[in-house]
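What follows is the content of target04.pdb (PDB, C-alpha atoms).
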```pdb
ATOM      1  CA  MET A   1     104.405  83.327  65.248
ATOM      2  CA  LEU A   2     106.164  81.207  62.635
ATOM      3  CA  GLU A   3     108.625  82.817  60.241
ATOM      4  CA  ASN A   4     109.829  81.712  56.819
ATOM      5  CA  ILE A   5     112.477  78.996  56.742
ATOM      6  CA  GLU A   6     114.560  81.157  54.405
ATOM      7  CA  THR A   7     115.125  83.678  57.201
ATOM      8  CA  SER A   8     116.475  81.118  59.679
ATOM      9  CA  ASP A   9     120.021  81.545  60.923
ATOM     10  CA  TYR A  10     120.261  77.855  61.772
ATOM     11  CA  ILE A  11     118.359  74.636  61.142
ATOM     12  CA  PHE A  12     118.633  72.134  63.999
ATOM     13  CA  LYS A  13     117.706  68.495  63.442
ATOM     14  CA  ILE A  14     116.293  67.165  66.710
ATOM     15  CA  LEU A  15     115.561  63.508  67.514
ATOM     16  CA  ALA A  16     112.545  62.539  69.631
ATOM     17  CA  VAL A  17     113.093  58.991  70.860
ATOM     18  CA  GLY A  18     111.724  56.694  73.533
ATOM     19  CA  ASN A  19     109.649  53.574  73.978
ATOM     20  CA  GLN A  20     106.303  53.181  72.256
ATOM     21  CA  SER A  21     103.330  55.127  73.696
ATOM     22  CA  VAL A  22     105.321  57.434  75.981
ATOM     23  CA  GLY A  23     103.981  60.554  74.238
ATOM     24  CA  LYS A  24     106.739  61.519  71.795
ATOM     25  CA  THR A  25     104.219  62.516  69.134
ATOM     26  CA  SER A  26     102.084  64.377  71.664
ATOM     27  CA  ILE A  27     105.104  66.382  72.815
ATOM     28  CA  THR A  28     106.318  67.245  69.323
ATOM     29  CA  ILE A  29     102.838  68.214  68.102
ATOM     30  CA  ARG A  30     102.241  70.314  71.225
ATOM     31  CA  PHE A  31     105.532  72.097  70.589
ATOM     32  CA  ALA A  32     104.989  72.640  66.870
ATOM     33  CA  THR A  33     101.253  73.511  66.854
ATOM     34  CA  ASP A  34     100.241  74.006  70.499
ATOM     35  CA  LYS A  35      97.581  71.323  70.015
ATOM     36  CA  PHE A  36      96.859  68.032  71.775
ATOM     37  CA  SER A  37      94.786  64.985  70.922
ATOM     38  CA  ASP A  38      94.109  61.715  72.722
ATOM     39  CA  ASP A  39      93.788  59.945  69.360
ATOM     40  CA  TYR A  40      97.294  60.025  67.889
ATOM     41  CA  LYS A  41      98.059  56.924  65.855
ATOM     42  CA  VAL A  42     101.183  54.889  66.590
ATOM     43  CA  THR A  43     104.123  56.385  64.708
ATOM     44  CA  LEU A  44     105.262  54.119  61.895
ATOM     45  CA  GLY A  45     108.789  55.025  60.911
ATOM     46  CA  MET A  46     109.089  58.778  61.440
ATOM     47  CA  ASN A  47     107.046  61.978  61.677
ATOM     48  CA  LEU A  48     108.590  65.396  61.054
ATOM     49  CA  SER A  49     107.439  68.577  62.803
ATOM     50  CA  THR A  50     109.032  71.999  62.399
ATOM     51  CA  LYS A  51     108.861  75.303  64.212
ATOM     52  CA  ASN A  52     110.974  78.441  64.231
ATOM     53  CA  VAL A  53     112.067  79.880  67.579
ATOM     54  CA  ARG A  54     114.112  82.957  68.368
ATOM     55  CA  ILE A  55     116.920  82.940  70.908
ATOM     56  CA  ASN A  56     118.167  86.476  71.384
ATOM     57  CA  ASP A  57     119.044  87.628  67.850
ATOM     58  CA  LYS A  58     119.182  84.143  66.290
ATOM     59  CA  LEU A  59     116.255  82.577  64.429
ATOM     60  CA  ILE A  60     116.362  78.797  64.563
ATOM     61  CA  GLN A  61     114.258  76.292  62.691
ATOM     62  CA  MET A  62     113.680  73.247  64.895
ATOM     63  CA  ALA A  63     113.140  70.167  62.717
ATOM     64  CA  VAL A  64     111.947  67.466  65.120
ATOM     65  CA  TRP A  65     112.150  63.868  63.915
ATOM     66  CA  ASP A  66     109.655  61.822  65.931
ATOM     67  CA  THR A  67     110.887  58.248  65.577
ATOM     68  CA  ALA A  68     108.975  54.991  66.052
ATOM     69  CA  GLY A  69     109.593  53.216  69.335
ATOM     70  CA  GLN A  70     108.972  49.695  68.036
ATOM     71  CA  SER A  71     111.940  47.347  67.722
ATOM     72  CA  SER A  72     110.865  46.456  64.164
ATOM     73  CA  PHE A  73     112.036  49.887  63.006
ATOM     74  CA  GLU A  74     115.556  49.582  64.442
ATOM     75  CA  PRO A  75     117.138  48.962  60.987
ATOM     76  CA  LEU A  76     116.019  52.476  59.996
ATOM     77  CA  LEU A  77     117.660  54.208  62.956
ATOM     78  CA  PRO A  78     121.007  55.031  61.300
ATOM     79  CA  MET A  79     119.194  56.965  58.562
ATOM     80  CA  TYR A  80     116.957  58.845  60.998
ATOM     81  CA  TYR A  81     119.753  59.688  63.435
ATOM     82  CA  ARG A  82     122.313  60.898  60.915
ATOM     83  CA  GLY A  83     123.025  64.628  61.202
ATOM     84  CA  ALA A  84     121.096  65.167  64.435
ATOM     85  CA  LEU A  85     122.348  68.031  66.611
ATOM     86  CA  GLY A  86     120.256  67.279  69.691
ATOM     87  CA  ALA A  87     117.809  64.765  71.123
ATOM     88  CA  ILE A  88     114.926  64.439  73.534
ATOM     89  CA  ILE A  89     114.499  61.061  75.199
ATOM     90  CA  VAL A  90     110.938  60.623  76.450
ATOM     91  CA  TYR A  91     109.628  58.209  79.041
ATOM     92  CA  ASP A  92     106.239  57.886  80.706
ATOM     93  CA  ILE A  93     106.265  58.587  84.467
ATOM     94  CA  THR A  94     103.510  55.968  84.882
ATOM     95  CA  ASN A  95     105.467  53.233  83.074
ATOM     96  CA  ARG A  96     108.566  51.755  84.704
ATOM     97  CA  LYS A  97     109.614  49.853  81.575
ATOM     98  CA  SER A  98     109.741  53.067  79.525
ATOM     99  CA  PHE A  99     112.011  54.634  82.155
ATOM    100  CA  GLU A 100     114.323  51.629  82.089
ATOM    101  CA  GLY A 101     114.539  52.038  78.308
ATOM    102  CA  VAL A 102     116.202  55.457  78.564
ATOM    103  CA  ARG A 103     119.683  53.937  78.790
ATOM    104  CA  ARG A 104     119.077  51.984  75.601
ATOM    105  CA  TRP A 105     118.139  55.187  73.751
ATOM    106  CA  PHE A 106     121.348  56.816  74.946
ATOM    107  CA  ARG A 107     123.301  53.897  73.509
ATOM    108  CA  ASP A 108     121.505  54.244  70.173
ATOM    109  CA  ILE A 109     122.178  57.985  70.007
ATOM    110  CA  LYS A 110     125.868  57.465  70.692
ATOM    111  CA  ARG A 111     126.030  54.665  68.136
ATOM    112  CA  PHE A 112     124.189  56.363  65.281
ATOM    113  CA  ALA A 113     124.480  60.124  65.922
ATOM    114  CA  GLU A 114     127.504  60.404  68.228
ATOM    115  CA  GLU A 115     127.239  62.345  71.471
ATOM    116  CA  ILE A 116     125.013  65.435  71.241
ATOM    117  CA  PRO A 117     123.095  67.603  73.733
ATOM    118  CA  VAL A 118     120.202  65.625  75.230
ATOM    119  CA  ILE A 119     117.195  66.375  77.400
ATOM    120  CA  ILE A 120     115.410  63.541  79.198
ATOM    121  CA  ILE A 121     111.683  64.227  79.548
ATOM    122  CA  GLY A 122     109.408  62.382  81.953
ATOM    123  CA  ASN A 123     106.049  62.847  80.226
ATOM    124  CA  LYS A 124     102.468  62.636  81.572
ATOM    125  CA  SER A 125     103.214  64.601  84.737
ATOM    126  CA  ASP A 126      99.477  65.366  84.951
ATOM    127  CA  LEU A 127      98.857  61.720  85.956
ATOM    128  CA  LEU A 128     100.180  62.136  89.481
ATOM    129  CA  ASP A 129      97.935  59.446  90.944
ATOM    130  CA  GLN A 130      99.473  56.916  88.530
ATOM    131  CA  ARG A 131     103.107  57.968  88.967
ATOM    132  CA  MET A 132     105.625  55.114  89.188
ATOM    133  CA  ILE A 133     108.868  57.068  88.678
ATOM    134  CA  THR A 134     109.653  59.946  91.016
ATOM    135  CA  TYR A 135     111.120  63.239  89.878
ATOM    136  CA  GLU A 136     114.230  62.433  91.915
ATOM    137  CA  GLU A 137     114.729  59.142  90.034
ATOM    138  CA  GLY A 138     114.549  60.925  86.703
ATOM    139  CA  LYS A 139     116.998  63.614  87.787
ATOM    140  CA  LYS A 140     119.377  61.019  89.207
ATOM    141  CA  LEU A 141     119.390  59.117  85.919
ATOM    142  CA  ALA A 142     120.132  62.313  83.974
ATOM    143  CA  ASP A 143     123.027  63.061  86.335
ATOM    144  CA  GLU A 144     124.387  59.532  85.838
ATOM    145  CA  MET A 145     124.190  59.830  82.067
ATOM    146  CA  GLN A 146     125.946  63.208  82.254
ATOM    147  CA  GLU A 147     128.990  61.605  83.891
ATOM    148  CA  ASN A 148     129.814  59.687  80.706
ATOM    149  CA  TRP A 149     128.506  62.147  78.106
ATOM    150  CA  SER A 150     130.498  64.854  76.324
ATOM    151  CA  TYR A 151     127.601  67.336  76.005
ATOM    152  CA  GLU A 152     124.906  68.599  78.368
ATOM    153  CA  VAL A 153     122.229  66.197  79.637
ATOM    154  CA  TYR A 154     119.157  68.003  80.977
ATOM    155  CA  PHE A 155     116.049  66.734  82.737
ATOM    156  CA  LYS A 156     112.442  67.896  82.789
ATOM    157  CA  GLU A 157     109.037  66.463  83.586
ATOM    158  CA  SER A 158     106.283  67.508  81.212
ATOM    159  CA  SER A 159     102.640  67.120  80.342
ATOM    160  CA  ALA A 160     101.877  67.349  76.641
ATOM    161  CA  LYS A 161      98.186  67.270  77.536
ATOM    162  CA  GLU A 162      98.390  70.260  79.881
ATOM    163  CA  ALA A 163     101.188  72.045  77.944
ATOM    164  CA  ILE A 164     103.507  71.918  80.963
ATOM    165  CA  GLU A 165     107.268  72.324  80.376
ATOM    166  CA  VAL A 166     107.092  71.298  76.705
ATOM    167  CA  ASN A 167     108.171  74.575  75.087
ATOM    168  CA  GLU A 168     110.683  75.150  77.865
ATOM    169  CA  SER A 169     112.308  71.768  77.209
ATOM    170  CA  PHE A 170     112.790  72.490  73.517
ATOM    171  CA  LEU A 171     114.198  75.943  74.276
ATOM    172  CA  ILE A 172     116.722  74.527  76.725
ATOM    173  CA  LEU A 173     117.877  72.030  74.116
ATOM    174  CA  ALA A 174     117.982  74.622  71.325
ATOM    175  CA  THR A 175     120.039  76.993  73.473
ATOM    176  CA  SER A 176     122.514  74.243  74.322
ATOM    177  CA  ILE A 177     122.898  73.334  70.642
ATOM    178  CA  LEU A 178     123.273  76.986  69.674
ATOM    179  CA  ASN A 179     126.045  77.471  72.205
ATOM    180  CA  THR A 180     127.773  74.356  70.873
ATOM    181  CA  VAL A 181     127.535  75.570  67.275
ATOM    182  CA  ILE A 182     128.744  79.067  68.161
ATOM    183  CA  THR A 183     131.648  77.675  70.180
ATOM    184  CA  GLU A 184     132.717  75.496  67.267
ATOM    185  CA  ASP A 185     132.350  78.384  64.785
ATOM    186  CA  ASP A 186     133.990  81.116  66.816
ATOM    187  CA  ASP A 187     135.570  80.750  70.243
ATOM    188  CA  ASP A 188     135.156  84.501  70.831
ATOM    189  CA  GLU A 189     131.350  84.479  70.500
ATOM    190  CA  GLU A 190     129.349  85.113  73.668
ATOM    191  CA  GLU A 191     127.271  82.167  74.866
ATOM    192  CA  PHE A 192     123.515  82.462  75.423
ATOM    193  CA  ASP A 193     121.709  81.489  78.597
ATOM    194  CA  PHE A 194     118.121  80.625  79.481
ATOM    195  CA  ASP A 195     117.173  84.061  80.826
ATOM    196  CA  PHE A 196     114.804  85.088  78.054
ATOM    197  CA  ASP A 197     111.099  85.037  77.374
ATOM    198  CA  PRO A 198     110.028  81.978  75.335
ATOM    199  CA  PRO A 199     108.916  83.155  71.868
ATOM    200  CA  PHE A 200     105.593  81.326  71.927
TER
END
```

I need this file expressed as structure tokens, please.
Amino acid sequence: MLENIETSDYIFKILAVGNQSVGKTSITIRFATDKFSDDYKVTLGMNLSTKNVRINDKLIQMAVWDTAGQSSFEPLLPMYYRGALGAIIVYDITNRKSFEGVRRWFRDIKRFAEEIPVIIIGNKSDLLDQRMITYEEGKKLADEMQENWSYEVYFKESSAKEAIEVNESFLILATSILNTVITEDDDDEEEFDFDFDPPF
């Protein structure tokens, strides 16, 4: 159930980045509306999706900026990235090139948004017969990125089509951001963990 923006305790700007056609729009639309379509048009510039989630007693509006993966839109990245508090980097488990692009997206985030909590998502996990990147490879990359990153780097595999691990990924990221915000606001505040029922 969505709640009015005016009641939100926090508004988190979230980036959704990754190579073209990895499923960024599918993931964000699945999260925001619980719907899926095979006919999404290529994102030109940016799409914005919003949804309110509750973590314990905090109501958070997730504003997800789904950015274009084409190189022609790179000049717009500083504007899109500014003020982001978290990011999801999406690759396609059936596309090796999209996986290799994850490092580039990390560089862009650091350059334009500074270091923030990140979750790497290997999308299209329903296409097991077409898999080119193993779960272990994805997890290893996340661990490597964590070594040189100031905030948490998480890893999940998802299927936007089958609604697998999409909501959970956003909740993990939101909880990490919330803990960061609370820590910066008040060192005495108790941190939240992931032991709660997703409010979907």

Point out the residue among A:Met46, A:Ile89, A:Val181, A:Ile109 with the least atom-to-atom distance to Lys156 in chain A, counting all atoms listed in the file.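 Among the listed residues, the smallest separation from Lys156 in chain A belongs to A:Ile89.
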
Can you tell me, as a list in words, what residues are no more than 6 Å from Gly86 in chain A when counting all atoms listed in the file, ignoring any on the same chain fewer than 5 positions away?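 That gives Ile14, Ile116, Pro117 and Val118 of chain A.
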
Once the PyMOL selection byres ((chain A and resi 166) around 12) has been applied to the shown file, what residues remain in the selection, as a PDB file with C-alpha atoms, keeping the file's coordinate frame?
```
ATOM      1  CA  GLY A  23     103.981  60.554  74.238  1.00  0.00           C
ATOM      2  CA  LYS A  24     106.739  61.519  71.795  1.00  0.00           C
ATOM      3  CA  THR A  25     104.219  62.516  69.134  1.00  0.00           C
ATOM      4  CA  SER A  26     102.084  64.377  71.664  1.00  0.00           C
ATOM      5  CA  ILE A  27     105.104  66.382  72.815  1.00  0.00           C
ATOM      6  CA  THR A  28     106.318  67.245  69.323  1.00  0.00           C
ATOM      7  CA  ILE A  29     102.838  68.214  68.102  1.00  0.00           C
ATOM      8  CA  ARG A  30     102.241  70.314  71.225  1.00  0.00           C
ATOM      9  CA  PHE A  31     105.532  72.097  70.589  1.00  0.00           C
ATOM     10  CA  ALA A  32     104.989  72.640  66.870  1.00  0.00           C
ATOM     11  CA  THR A  33     101.253  73.511  66.854  1.00  0.00           C
ATOM     12  CA  ASP A  34     100.241  74.006  70.499  1.00  0.00           C
ATOM     13  CA  LYS A  35      97.581  71.323  70.015  1.00  0.00           C
ATOM     14  CA  PHE A  36      96.859  68.032  71.775  1.00  0.00           C
ATOM     15  CA  ILE A  88     114.926  64.439  73.534  1.00  0.00           C
ATOM     16  CA  VAL A  90     110.938  60.623  76.450  1.00  0.00           C
ATOM     17  CA  ILE A 119     117.195  66.375  77.400  1.00  0.00           C
ATOM     18  CA  ILE A 120     115.410  63.541  79.198  1.00  0.00           C
ATOM     19  CA  ILE A 121     111.683  64.227  79.548  1.00  0.00           C
ATOM     20  CA  GLY A 122     109.408  62.382  81.953  1.00  0.00           C
ATOM     21  CA  ASN A 123     106.049  62.847  80.226  1.00  0.00           C
ATOM     22  CA  LYS A 124     102.468  62.636  81.572  1.00  0.00           C
ATOM     23  CA  SER A 125     103.214  64.601  84.737  1.00  0.00           C
ATOM     24  CA  PHE A 155     116.049  66.734  82.737  1.00  0.00           C
ATOM     25  CA  LYS A 156     112.442  67.896  82.789  1.00  0.00           C
ATOM     26  CA  GLU A 157     109.037  66.463  83.586  1.00  0.00           C
ATOM     27  CA  SER A 158     106.283  67.508  81.212  1.00  0.00           C
ATOM     28  CA  SER A 159     102.640  67.120  80.342  1.00  0.00           C
ATOM     29  CA  ALA A 160     101.877  67.349  76.641  1.00  0.00           C
ATOM     30  CA  LYS A 161      98.186  67.270  77.536  1.00  0.00           C
ATOM     31  CA  GLU A 162      98.390  70.260  79.881  1.00  0.00           C
ATOM     32  CA  ALA A 163     101.188  72.045  77.944  1.00  0.00           C
ATOM     33  CA  ILE A 164     103.507  71.918  80.963  1.00  0.00           C
ATOM     34  CA  GLU A 165     107.268  72.324  80.376  1.00  0.00           C
ATOM     35  CA  ASN A 167     108.171  74.575  75.087  1.00  0.00           C
ATOM     36  CA  GLU A 168     110.683  75.150  77.865  1.00  0.00           C
ATOM     37  CA  SER A 169     112.308  71.768  77.209  1.00  0.00           C
ATOM     38  CA  PHE A 170     112.790  72.490  73.517  1.00  0.00           C
ATOM     39  CA  LEU A 171     114.198  75.943  74.276  1.00  0.00           C
ATOM     40  CA  ILE A 172     116.722  74.527  76.725  1.00  0.00           C
ATOM     41  CA  LEU A 173     117.877  72.030  74.116  1.00  0.00           C
ATOM     42  CA  PRO A 198     110.028  81.978  75.335  1.00  0.00           C
ATOM     43  CA  PHE A 200     105.593  81.326  71.927  1.00  0.00           C
TER      44      PHE A 200
END
```

Using only C-alpha atoms for the distances, tell me which of A:Ile93, A:Ala142, A:Leu128, A:Ala87 is nearest to Asp108 in chain A. A:Ala87

Produce the centre coordinates and the three edge lengths, each in Å to one decimal, of the box along x, y and z that contains all listed atoms of range 99-112 of chain A with 8 Å added on each side, as JSON.
```
{"center_x": 119.0, "center_y": 54.8, "center_z": 73.7, "size_x": 30.0, "size_y": 22.4, "size_z": 32.9}
```

So what do you get for CA of Lys51 in chain A versus CA of Gly83 in chain A, distance-wise? 18.0 Å

Nearest to Ser8 in chain A: which of A:Asp57, A:Asp126, A:Glu144, A:Asp38 is it, counting only C-alpha atoms?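 Among the listed residues, A:Asp57 lies closest to Ser8 in chain A.
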
Pick out the closest residue to Glu115 in chain A from this set: A:Val153, A:Val102, A:Ile182, A:Ala174. Count only C-alpha atoms. A:Val153

What separation in Å, quoted to one decimal, exists between CA of Ala16 in chain A and CA of Asn47 in chain A?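 Distance between the two atoms: 9.7 Å.
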
Separation of CA of Leu141 in chain A and CA of Leu48 in chain A, in Å?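 Interatomic distance here is 27.8 Å.
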
Return the single residue from A:Val17, A:Met132, A:Ala113, A:Ile11 that is closest to Arg54 in chain A, with distances computed using all atoms listed in the file.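 Once distances to Arg54 in chain A are computed over all atoms listed in the file, the minimum belongs to A:Ile11.
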